[in-house]
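Peer 1: Contents of target36.cif (mmCIF, C-alpha atoms and all ligand atoms) are below:
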```
data_coords
#
loop_
_atom_site.label_atom_id
_atom_site.label_comp_id
_atom_site.auth_asym_id
_atom_site.auth_seq_id
_atom_site.Cartn_x
_atom_site.Cartn_y
_atom_site.Cartn_z
CA MET A 1 0.00 0.00 0.00
CA PRO A 2 1.42 3.42 -0.83
CA VAL A 3 2.43 5.32 2.25
CA ASN A 4 0.72 8.61 2.77
CA ALA A 5 3.25 11.10 4.00
CA ASN A 6 0.75 13.76 4.86
CA ASP A 7 -0.68 11.81 7.80
CA GLN A 8 2.39 12.27 9.95
CA LYS A 9 2.90 14.99 12.54
CA GLN A 10 6.69 15.09 12.82
CA LEU A 11 9.61 14.64 10.50
CA LEU A 12 10.91 11.09 10.27
CA SER A 13 14.43 10.19 11.33
CA ASP A 14 16.96 9.64 8.53
CA MET A 15 16.75 5.90 9.20
CA GLU A 16 12.96 5.94 8.82
CA VAL A 17 13.21 7.90 5.58
CA VAL A 18 15.78 5.44 4.25
CA GLN A 19 13.54 2.51 5.20
CA ARG A 20 10.61 4.10 3.42
CA ILE A 21 12.78 4.64 0.33
CA PHE A 22 13.77 0.96 0.34
CA ASP A 23 10.09 -0.01 0.57
CA HIS A 24 9.41 2.17 -2.46
CA ILE A 25 12.38 0.76 -4.41
CA ASP A 26 11.24 -2.80 -3.64
CA ASN A 27 7.60 -2.17 -4.50
CA SER A 28 8.04 0.34 -7.35
CA THR A 29 5.99 2.87 -5.41
CA THR A 30 6.42 6.42 -4.17
CA ASP A 31 4.76 8.64 -1.57
CA MET A 32 1.39 9.89 -2.72
CA GLY A 33 -0.79 12.67 -1.40
CA LYS A 34 -4.49 12.42 -0.75
CA GLN A 35 -5.74 15.11 -3.06
CA SER A 36 -4.96 16.50 -6.47
CA TRP A 37 -5.17 20.24 -7.09
CA LYS A 38 -6.13 22.61 -9.85
CA GLU A 39 -4.40 25.98 -9.51
CA PRO A 40 -5.93 28.70 -11.72
CA THR A 41 -3.41 30.05 -14.23
CA ASP A 42 -4.63 33.55 -13.39
CA ASN A 43 -2.95 33.06 -10.03
CA TYR A 44 0.40 33.05 -11.85
CA ARG A 45 -0.41 36.08 -13.98
CA SER A 46 -2.50 38.48 -11.99
CA LYS A 47 -1.06 41.56 -10.33
CA ALA A 48 -3.85 41.54 -7.75
CA ARG A 49 -3.00 37.97 -6.80
CA LEU A 50 0.71 38.78 -6.49
CA ASP A 51 -0.14 41.77 -4.27
CA ALA A 52 -2.16 39.43 -2.03
CA GLU A 53 0.76 36.98 -1.90
CA LEU A 54 3.14 39.79 -0.97
CA LYS A 55 0.81 40.67 1.89
CA VAL A 56 1.17 37.09 3.11
CA LEU A 57 4.95 37.37 2.86
CA GLN A 58 4.81 40.61 4.84
CA SER A 59 2.54 39.15 7.49
CA ARG A 60 4.69 36.34 8.84
CA SER A 61 8.16 35.26 9.89
CA ILE A 62 10.31 34.45 6.88
CA VAL A 63 13.88 33.26 6.51
CA PHE A 64 15.99 36.19 5.36
CA CYS A 65 19.36 34.43 5.18
CA PRO A 66 21.41 31.87 7.09
CA SER A 67 23.10 33.23 10.24
CA SER A 68 26.44 32.42 8.64
CA ALA A 69 25.81 35.12 6.02
CA LEU A 70 26.12 37.56 8.96
CA ALA A 71 28.89 35.78 10.84
CA ASN A 72 30.80 38.83 12.14
CA VAL A 73 30.00 42.12 13.83
CA GLY A 74 29.17 44.66 11.12
CA ASP A 75 28.23 42.08 8.48
CA TYR A 76 25.14 43.23 6.63
CA VAL A 77 22.80 42.02 3.90
CA ALA A 78 20.74 44.73 2.19
CA ARG A 79 17.97 43.65 -0.15
CA ASP A 80 14.24 43.65 -0.68
CA ALA A 81 12.03 41.28 1.29
CA ALA A 82 8.50 41.09 -0.11
CA ARG A 83 9.28 44.28 -2.06
CA VAL A 84 10.37 46.22 1.04
CA PRO A 85 14.04 47.28 1.06
CA LEU A 86 15.66 46.09 4.28
CA ILE A 87 19.13 46.10 5.74
CA VAL A 88 19.93 43.33 8.21
CA VAL A 89 23.11 43.74 10.23
CA ARG A 90 24.95 42.11 13.14
CA GLY A 91 25.59 44.64 15.90
CA LEU A 92 28.53 45.12 18.26
CA ASP A 93 26.60 43.09 20.85
CA GLY A 94 26.32 40.17 18.40
CA VAL A 95 22.58 40.71 17.91
CA VAL A 96 21.20 40.69 14.37
CA ARG A 97 18.78 43.55 13.65
CA ALA A 98 16.71 44.52 10.62
CA PHE A 99 15.87 48.05 9.50
CA ARG A 100 13.95 49.59 6.67
CA ASN A 101 16.71 50.54 4.25
CA ALA A 102 16.13 54.27 4.01
CA CYS A 103 18.04 57.17 5.49
CA ARG A 104 16.04 59.34 7.89
CA HIS A 105 17.23 62.49 6.11
CA ARG A 106 15.93 62.14 2.55
CA GLY A 107 15.35 58.43 2.27
CA VAL A 108 18.36 57.20 0.29
CA GLN A 109 19.27 53.52 0.76
CA LEU A 110 22.21 53.02 3.07
CA ALA A 111 23.66 49.99 1.30
CA ASN A 112 22.90 47.42 -1.33
CA GLY A 113 24.07 43.81 -1.45
CA HIS A 114 26.31 42.58 1.33
CA GLY A 115 29.42 43.69 3.15
CA CYS A 116 30.89 44.53 6.52
CA ALA A 117 30.81 48.02 8.04
CA ARG A 118 31.55 49.69 11.37
CA ALA A 119 28.65 52.08 10.84
CA LEU A 120 25.92 52.57 8.24
CA VAL A 121 26.81 55.80 6.50
CA CYS A 122 24.42 57.29 3.98
CA PRO A 123 26.09 57.79 0.58
CA TYR A 124 24.18 61.06 -0.07
CA HIS A 125 25.14 63.49 2.73
CA GLY A 126 26.83 61.20 5.20
CA TRP A 127 24.36 60.82 8.03
CA ALA A 128 25.86 57.96 10.04
CA TYR A 129 23.99 55.29 11.96
CA SER A 130 25.42 52.90 14.53
CA LEU A 131 24.99 49.18 13.90
CA ASP A 132 22.06 49.23 16.36
CA GLY A 133 20.30 51.70 14.06
CA SER A 134 20.67 54.81 16.20
CA LEU A 135 21.56 58.04 14.42
CA ARG A 136 25.11 58.76 15.46
CA SER A 137 26.17 61.83 13.54
CA ILE A 138 25.00 64.45 11.07
CA PRO A 139 27.65 66.32 9.08
CA HIS A 140 27.34 70.08 9.72
CA GLU A 141 24.70 69.42 12.28
CA GLN A 142 24.08 73.14 12.81
CA GLY A 143 21.96 73.03 9.64
CA PHE A 144 19.34 70.95 11.46
CA PRO A 145 18.70 72.87 14.69
CA ASP A 146 15.32 71.19 15.31
CA ILE A 147 16.31 67.57 14.89
CA ASP A 148 16.16 65.27 17.92
CA LYS A 149 18.72 62.63 16.92
CA ALA A 150 17.33 60.17 19.47
CA THR A 151 14.08 59.90 17.48
CA ARG A 152 15.70 59.63 14.05
CA GLY A 153 17.29 56.21 14.20
CA LEU A 154 16.64 53.71 11.41
CA VAL A 155 13.15 52.20 11.44
CA ALA A 156 13.37 48.71 12.90
CA VAL A 157 11.66 45.57 11.63
CA THR A 158 11.29 42.47 13.80
CA CYS A 159 14.29 40.22 13.32
CA PHE A 160 15.53 37.17 15.20
CA GLU A 161 17.88 34.23 14.85
CA ARG A 162 16.88 30.62 15.41
CA ASN A 163 18.87 27.49 14.74
CA GLY A 164 21.27 29.03 12.25
CA LEU A 165 18.68 31.05 10.35
CA VAL A 166 17.86 34.77 10.44
CA PHE A 167 14.14 35.48 10.24
CA ILE A 168 12.41 38.79 9.64
CA ASN A 169 8.80 39.69 10.27
CA GLN A 170 7.28 42.87 8.89
CA ASN A 171 4.01 42.48 10.76
CA PRO A 172 4.11 44.16 14.17
CA LEU A 173 1.11 42.05 15.26
CA ALA A 174 2.51 38.68 14.21
CA ASN A 175 3.00 35.78 16.55
CA ILE A 176 6.57 35.00 15.57
CA GLU A 177 6.83 31.87 17.71
CA GLN A 178 3.76 30.34 16.13
CA ASP A 179 5.12 30.94 12.62
CA ILE A 180 8.33 29.04 13.27
CA ALA A 181 7.24 26.51 15.89
CA SER A 182 7.25 23.57 13.50
CA ILE A 183 10.68 24.26 11.98
CA PRO A 184 13.29 21.88 13.41
CA LYS A 185 16.99 22.64 13.62
CA LEU A 186 18.14 22.27 10.03
CA ILE A 187 21.53 23.99 10.00
CA PRO A 188 24.42 22.47 11.99
CA ASP A 189 26.14 24.96 14.33
CA ASN A 190 29.50 24.70 12.61
CA TYR A 191 28.25 25.71 9.17
CA ARG A 192 29.80 28.77 7.54
CA LEU A 193 29.07 30.69 4.37
CA LEU A 194 30.97 29.46 1.30
CA ASN A 195 29.36 31.89 -1.11
CA SER A 196 26.19 33.69 -2.01
CA ALA A 197 24.65 34.77 -5.30
CA THR A 198 21.61 36.56 -6.65
CA VAL A 199 19.96 35.82 -9.98
CA ILE A 200 16.88 37.08 -11.76
CA VAL A 201 14.51 34.40 -13.02
CA ASN A 202 12.00 35.49 -15.64
CA ALA A 203 9.16 33.44 -14.22
CA ASN A 204 6.53 33.58 -11.53
CA TRP A 205 8.01 32.68 -8.14
CA LYS A 206 5.61 29.75 -7.65
CA LEU A 207 6.35 28.20 -11.05
CA TYR A 208 10.01 28.31 -10.10
CA LEU A 209 9.43 26.95 -6.60
CA GLU A 210 7.28 24.08 -7.86
CA SER A 211 10.20 22.67 -9.84
CA SER A 212 12.04 21.81 -6.59
CA LEU A 213 9.15 20.09 -4.88
CA GLU A 214 8.50 16.89 -6.81
CA GLY A 215 10.41 13.95 -8.26
CA TYR A 216 7.88 13.12 -10.95
CA HIS A 217 9.93 15.06 -13.52
CA ILE A 218 13.34 13.49 -12.82
CA ARG A 219 13.34 11.00 -15.66
CA GLN A 220 12.05 13.32 -18.36
CA THR A 221 13.67 16.64 -17.43
CA HIS A 222 16.96 15.34 -16.06
CA LYS A 223 17.55 12.47 -18.52
CA SER A 224 21.31 12.54 -18.53
CA THR A 225 22.02 14.37 -15.26
CA PHE A 226 20.01 13.32 -12.20
CA PHE A 227 18.06 10.37 -13.61
CA PRO A 228 21.12 8.11 -14.17
CA VAL A 229 22.07 8.48 -10.47
CA GLN A 230 18.61 8.84 -8.92
CA TYR A 231 15.24 7.17 -9.45
CA ASP A 232 12.21 7.78 -11.60
CA ASN A 233 9.41 9.30 -9.53
CA LEU A 234 10.57 8.15 -6.12
CA THR A 235 10.35 10.59 -3.24
CA VAL A 236 9.39 10.65 0.41
CA VAL A 237 7.20 13.65 1.13
CA GLU A 238 6.61 14.87 4.67
CA VAL A 239 4.73 17.77 6.12
CA PHE A 240 5.66 19.83 9.17
CA GLY A 241 3.45 22.78 9.99
CA GLU A 242 2.87 24.72 6.77
CA ASN A 243 6.16 23.38 5.48
CA SER A 244 7.20 20.24 3.71
CA ARG A 245 10.25 18.10 3.12
CA VAL A 246 10.85 16.05 0.00
CA ALA A 247 13.59 13.38 0.06
CA PHE A 248 15.17 12.57 -3.33
CA PRO A 249 17.29 9.40 -3.02
CA TYR A 250 20.40 8.67 -5.06
CA GLN A 251 21.07 5.10 -6.12
CA SER A 252 24.02 5.13 -3.70
CA ILE A 253 21.43 4.76 -0.96
CA GLU A 254 21.69 1.02 -1.62
CA GLY A 255 24.93 1.18 0.36
CA LEU A 256 22.79 1.61 3.49
CA ARG A 257 20.63 -1.42 2.74
CA HIS A 258 21.96 -3.61 5.53
CA LYS A 259 22.96 -0.94 8.01
CA LYS A 260 20.72 -1.02 11.04
CA HIS A 261 22.19 1.58 13.38
CA ALA A 262 20.35 4.83 13.89
CA ASP A 263 23.28 7.18 13.23
CA ILE A 264 23.70 6.41 9.54
CA SER A 265 24.72 9.33 7.36
CA VAL A 266 22.53 10.12 4.38
CA ASP A 267 25.02 12.73 3.16
CA GLY A 268 25.56 12.01 -0.52
CA ARG A 269 22.87 9.33 -0.54
CA LEU A 270 19.82 11.56 -0.67
CA THR A 271 18.94 15.20 -1.05
CA TYR A 272 16.42 16.69 1.33
CA VAL A 273 14.51 19.66 -0.02
CA TYR A 274 12.86 21.62 2.79
CA HIS A 275 10.16 23.98 1.67
CA LEU A 276 9.74 26.62 4.38
CA PHE A 277 6.42 28.22 3.56
CA PRO A 278 6.01 30.31 1.55
CA ASN A 279 9.14 31.26 -0.41
CA VAL A 280 12.23 29.55 1.03
CA VAL A 281 13.87 26.30 0.01
CA ILE A 282 16.75 24.67 1.88
CA SER A 283 18.39 21.72 0.16
CA THR A 284 21.05 19.31 1.37
CA PHE A 285 23.89 18.30 -0.95
CA PRO A 286 27.04 16.28 -0.29
CA GLY A 287 29.02 18.27 2.29
CA CYS A 288 26.90 21.42 2.05
CA MET A 289 23.47 23.00 2.05
CA GLN A 290 21.84 25.64 -0.11
CA VAL A 291 19.45 28.22 1.29
CA ASN A 292 17.32 29.75 -1.47
CA VAL A 293 15.03 32.71 -0.90
CA LEU A 294 12.65 33.55 -3.76
CA GLU A 295 11.60 37.18 -3.85
CA PRO A 296 8.74 37.98 -6.21
CA ILE A 297 9.45 41.17 -8.17
CA ASP A 298 6.31 41.04 -10.29
CA ALA A 299 4.01 38.27 -11.48
CA SER A 300 6.53 37.08 -14.05
CA THR A 301 9.86 37.97 -12.44
CA THR A 302 11.60 36.51 -9.40
CA ARG A 303 14.85 37.34 -7.69
CA GLN A 304 16.57 34.29 -6.24
CA HIS A 305 19.09 34.69 -3.42
CA THR A 306 21.24 31.62 -2.87
CA TYR A 307 23.51 30.99 0.12
CA LEU A 308 25.84 28.00 0.02
CA ILE A 309 26.86 26.89 3.51
CA SER A 310 29.06 24.10 4.79
CA ALA A 311 31.10 22.87 7.74
CA ILE A 312 34.20 22.51 5.58
CA GLY A 313 37.08 24.73 6.66
CA GLU A 314 38.95 27.17 4.41
CA ASN A 315 42.04 24.98 4.37
CA GLU A 316 40.32 21.71 3.52
CA THR A 317 40.93 22.18 -0.17
CA ALA A 318 40.19 18.60 -1.29
CA LEU A 319 36.81 18.64 0.44
CA LEU A 320 36.02 22.10 -0.93
CA LYS A 321 36.89 20.88 -4.41
CA ALA A 322 34.51 17.94 -3.98
CA VAL A 323 31.74 20.31 -2.87
CA SER A 324 32.34 22.54 -5.83
CA GLN A 325 32.22 19.56 -8.22
CA GLY A 326 28.96 18.43 -6.60
CA GLN A 327 27.56 21.93 -6.96
CA ASN A 328 28.56 22.05 -10.63
CA PHE A 329 26.63 18.83 -11.15
CA ALA A 330 23.61 20.21 -9.25
CA ALA A 331 23.84 23.38 -11.35
CA GLU A 332 23.52 21.34 -14.57
CA GLY A 333 20.24 19.97 -13.25
CA ALA A 334 19.18 23.42 -12.10
CA ILE A 335 19.68 24.76 -15.64
CA GLU A 336 17.42 22.00 -16.93
CA ASP A 337 14.79 22.95 -14.35
CA LEU A 338 15.12 26.61 -15.27
CA GLN A 339 14.55 25.92 -18.98
CA ILE A 340 11.38 24.02 -18.12
CA VAL A 341 10.17 26.76 -15.79
CA LEU A 342 10.78 29.47 -18.41
CA SER A 343 8.88 27.33 -20.86
CA ALA A 344 5.97 26.97 -18.43
CA GLN A 345 6.02 30.75 -18.00
CA ARG A 346 5.72 31.18 -21.77
CA GLY A 347 3.02 28.50 -21.74
CA LEU A 348 0.94 30.79 -19.54
CA LEU A 349 0.77 33.24 -22.43
CA SER A 350 -0.84 30.61 -24.63
CA LYS A 351 -3.99 30.82 -22.50
CA ALA A 352 -4.43 27.10 -23.23
CA ASN A 353 -5.05 26.22 -19.59
CA GLU A 354 -7.45 27.70 -17.12
CA PHE A 355 -5.60 25.85 -14.40
CA LEU A 356 -2.42 23.85 -13.83
CA GLU A 357 -3.01 20.29 -12.66
CA PHE A 358 -1.09 18.79 -9.73
CA GLY A 359 -1.45 15.06 -9.11
CA LEU A 360 -0.86 12.77 -6.14
CA PHE A 361 2.91 12.65 -6.73
CA GLU A 362 3.04 16.44 -6.41
CA SER A 363 1.65 16.67 -2.89
CA ALA A 364 4.22 19.17 -1.59
CA ILE A 365 3.01 21.58 -4.28
CA VAL A 366 -0.61 20.87 -3.40
CA ARG A 367 0.35 21.75 0.15
CA LEU A 368 1.91 25.04 -1.01
CA HIS A 369 -1.14 26.12 -2.99
CA SER A 370 -3.75 25.03 -0.48
CA HIS A 371 -1.96 26.75 2.37
CA LEU A 372 -1.23 29.89 0.37
CA ALA A 373 -4.92 30.18 -0.54
CA LYS A 374 -5.80 29.85 3.15
CA GLU A 375 -3.32 32.50 4.25
CA ILE A 376 -4.41 34.93 1.55
CA LYS A 377 -7.96 34.63 2.86
CA GLN A 378 -6.78 35.22 6.43
CA VAL A 379 -4.61 38.21 5.61
CA ASN A 380 -7.38 39.80 3.59
CA SER A 381 -9.98 39.25 6.29
CA VAL A 382 -7.68 40.99 8.80
CA SER A 383 -7.13 43.99 6.51
CA GLU A 384 -10.83 44.38 5.60
S1 LIG A 401 19.65 61.29 2.37
FE1 LIG A 401 20.96 60.31 3.74
S2 LIG A 401 22.27 61.85 4.41
FE2 LIG A 401 20.94 62.87 3.11
FE FE A 402 14.40 19.24 -11.34
#
```
Translate this file's structure into structure tokens.
Ligand code: FES
Ligand SMILES: [Fe+2]

Peer 2:
Amino acid sequence: MPVNANDQKQLLSDMEVVQRIFDHIDNSTTDMGKQSWKEPTDNYRSKARLDAELKVLQSRSIVFCPSSALANVGDYVARDAARVPLIVVRGLDGVVRAFRNACRHRGVQLANGHGCARALVCPYHGWAYSLDGSLRSIPHEQGFPDIDKATRGLVAVTCFERNGLVFINQNPLANIEQDIASIPKLIPDNYRLLNSATVIVNANWKLYLESSLEGYHIRQTHKSTFFPVQYDNLTVVEVFGENSRVAFPYQSIEGLRHKKHADISVDGRLTYVYHLFPNVVISTFPGCMQVNVLEPIDASTTRQHTYLISAIGENETALLKAVSQGQNFAAEGAIEDLQIVLSAQRGLLSKANEFLEFGLFESAIVRLHSHLAKEIKQVNSVSE
């Protein structure tokens, strides 16, 4: 009987996932959801729908970046989150804080991208803010006799670190604990940032996200990359809170067939893809993890921020080389996914489909759409 992943309350142990994979290999089965889903194509095209989705993104706690992207005092990442420019910075006290990225003089952005600074100095006239956001100095201050510097610090946004991830929350009324309660510790403490990158994807953020969340396409899309080392349509799909985890086994998992002990390592034998609702994907690869944050720009454009993190030290050159080879391989598959996603985006223009169809193998995507629809309703009922 096919196992139904969506019945469970907690994530399985690695050993349990491996056992379930072996059951699927032996029975030519895969995890299947309970319901299929028809998502209206208008929901990928409409500006009004995207605005409603952005409201959801602004209403809850969302991963901004891994903590290791802000490892040192003064490290900052400045970018949009749900279309709002933010700057997130680690202070002298080691605390990570988020601010709206606009100078309190005439609104210019204090920084863009990432870097390390002792203070946040506006590039226009040089107003300088401490790393805790307070306004420290105004050049030629005598020109502003009425300004109370104590009230003109940067405008803060809720920001906190949990288990190796930095979260932001733009909703002052949000229950931040509730939003993240189901997320287990995913990032080992000793992980550090290897590199980060930002790319523009000319597709709706959900079309792009969907391509990471099912294994039904492995054989057809990844014919000569992933399929020869993985399986056709074989995944373990689990749900935790609004989030899901999809396990994609490699054929090397057979090496664990007769291992019974609970501390087996699945590194290099399967990839876990964690979908942290709504727009974050964390994937495990041999020796490293990728944190991907998808920022919708408009209905057909997405900015993807990728952080590659690992426990491998700077001097461990052989291991770093192996990670980089593994990432090159993963990138080949990612290019194949991207081509398909861009094609699906063009397919929207054909107006052939009133809806996109998601079957029982695509249950993590069904989960995304059903939960997103629910949250859009909630956010709108609050703002009415
Ligand atoms: S706008 Fe920032 S100092 Fe003038
Ligand atoms: Fe893929």

Peer 1: At a cut-off of 9 Å and counting only C-alpha atoms and all ligand atoms, what residues surround ligand FE 402 (chain A)? Please answer as a list of chain:residue names.

Peer 2: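 Using only C-alpha atoms and all ligand atoms, I find these residues within 9 Å of ligand FE 402 (chain A): A:Ser211, A:Ser212, A:Leu213, A:Glu214, A:Gly215, A:Tyr216, A:His217, A:Ile218, A:Thr221, A:His222, A:Phe226, A:Gly333, A:Ala334, A:Ile335, A:Glu336, A:Asp337, A:Leu338, A:Ile340.
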
Peer 1: Considering all atoms listed in the file, state which residue in the set A:Gln19, A:Gln142, A:Gln109, A:Thr158 is at the smallest distance from ligand LIG 401 (chain A).

Peer 2: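 Closest candidate: A:Gln109.
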
Peer 1: Quick check, in Å to one decimal: how far apart do atom CA of A:Gly326 and atom CA of A:Tyr76 lie?

Peer 2: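 Computing the Euclidean distance for atom CA of A:Gly326 and atom CA of A:Tyr76 yields 28.4 Å.
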
Peer 1: For A:Ile62, find every residue with an atom within 10 Å (counting only C-alpha atoms), except residues of its own chain fewer than 4 positions away, and show them as a PyMOL selection string.

Peer 2: chain A and resi 57-58+81-82+159+165-170+176+179-180+276-280+293

Peer 1: As an exercise, work out the distance from atom CA of A:Phe144 to atom CA of A:Val84 in Å and give it to one decimal place.

Peer 2: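 Computing it gives 28.3 Å between the two atoms.
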
Peer 1: In the coordinates of the file, take the point (21.5, 32.0, -6.7) and a cut-off of 6 Å; then, counting all atoms listed in the file, name each qualifying protein, DNA or RNA residue as an NGL selection string.

Peer 2: :A and (197-199 or 304-306)

Peer 1: Which residue is closest to ligand LIG 401 (chain A)? Choose from A:Ala119, A:Ala102, A:Ala373, A:Val18 and count all atoms listed in the file.

Peer 2: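 Smallest distance to ligand LIG 401 (chain A) is found for A:Ala102.
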
Peer 1: Please determine, counting all atoms listed in the file, which residue among A:Gly115, A:Gly347, A:Gly313, A:Pro296 has the shortest atom-to-atom distance to A:Arg83.

Peer 2: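 Checking each candidate against A:Arg83, we get A:Pro296 as the closest.
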
Peer 1: Taking all atoms listed in the file into account, list the residues no farther than 7 Å from ligand LIG 401 (chain A), as a VMD selection string.

Peer 2: chain A and resid 103 to 108 122 to 127

Peer 1: What's the 10 Å shell around A:Arg257, counting only C-alpha atoms, without same-chain residues fewer than 3 positions away, as a list in words?

Peer 2: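 Listed by chain and then number, they are Val18, Gln19, Phe22, Ser252, Ile253, Glu254 and Lys260 of chain A.
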
Peer 1: Just the selected residues (C-alpha atoms), exported as a CSV table (one decimal), in the coordinates of the input, please.

Peer 2:
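So out_30.csv came out as:
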```csv
chain,number,residue,atom,x,y,z
A,18,VAL,CA,15.8,5.4,4.2
A,19,GLN,CA,13.5,2.5,5.2
A,22,PHE,CA,13.8,1.0,0.3
A,252,SER,CA,24.0,5.1,-3.7
A,253,ILE,CA,21.4,4.8,-1.0
A,254,GLU,CA,21.7,1.0,-1.6
A,260,LYS,CA,20.7,-1.0,11.0
```

Peer 1: With distances taken over only C-alpha atoms, which residue among A:Leu360, A:Asn112, A:Arg60, A:Arg97 lies nearest A:Gln378?

Peer 2: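 Closest candidate: A:Arg60.
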
Peer 1: Interatomic distance between atom CA of A:Asp148 and atom CA of A:Ser130?

Peer 2: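 A separation of 15.8 Å between them.
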
Peer 1: With a distance cut-off of 6 Å and all atoms listed in the file, select the neighbouring residues of stretch 28-38 of chain A, excluding the residue or stretch itself and same-chain residues fewer than 5 positions from it, and output the selection as a ChimeraX atom specification.

Peer 2: /A:3-4,234-236,355-361,363,366

Peer 1: When distances are computed from all atoms listed in the file, which of A:His369, A:Arg100, A:His140, A:Arg219 shows the smallest separation from A:Tyr44?

Peer 2: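 Among A:His369, A:Arg100, A:His140, A:Arg219, it is A:His369 that comes nearest to A:Tyr44.
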
Peer 1: Emit as lines of an AutoDock Vina configuration file the padded axis-aligned box for all listed atoms of stretch 135-139 of chain A, 5 Å per side, with centre and edge lengths in Å to one decimal.

Peer 2:
```
center_x = 24.6
center_y = 62.2
center_z = 12.3
size_x = 16.1
size_y = 18.3
size_z = 16.4
```

Peer 1: (18.3, 56.1, 10.9) in this file's frame - what residues fall within 7 Å of it? Use all atoms listed in the file and give the answer as a list in words.

Peer 2: Cys103, Arg104, Tyr129, Gly133, Ser134, Leu135, Arg152, Gly153, Leu154 and Val155 of chain A

Peer 1: For each of A:Arg79, A:Lys47, A:His261, A:Arg162, take the minimum atom-to-atom distance to A:Leu186, counting all atoms listed in the file, then give the residue where this is smallest.

Peer 2: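 The closest residue to A:Leu186 is A:Arg162.
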
Peer 1: Give me, as a PDB file with C-alpha atoms, in the frame of the given file, all polymer residues having an atom no more than 9 Å from A:Thr41, counting all atoms listed in the file and skipping those fewer than 4 positions away in the same chain.

Peer 2:
```pdb
ATOM      1  CA  ARG A  45      -0.410  36.080 -13.980  1.00  0.00           C
ATOM      2  CA  SER A  46      -2.500  38.480 -11.990  1.00  0.00           C
ATOM      3  CA  LEU A 348       0.940  30.790 -19.540  1.00  0.00           C
ATOM      4  CA  LYS A 351      -3.990  30.820 -22.500  1.00  0.00           C
ATOM      5  CA  ASN A 353      -5.050  26.220 -19.590  1.00  0.00           C
ATOM      6  CA  GLU A 354      -7.450  27.700 -17.120  1.00  0.00           C
ATOM      7  CA  PHE A 355      -5.600  25.850 -14.400  1.00  0.00           C
ATOM      8  CA  LEU A 356      -2.420  23.850 -13.830  1.00  0.00           C
TER       9      LEU A 356
END
```
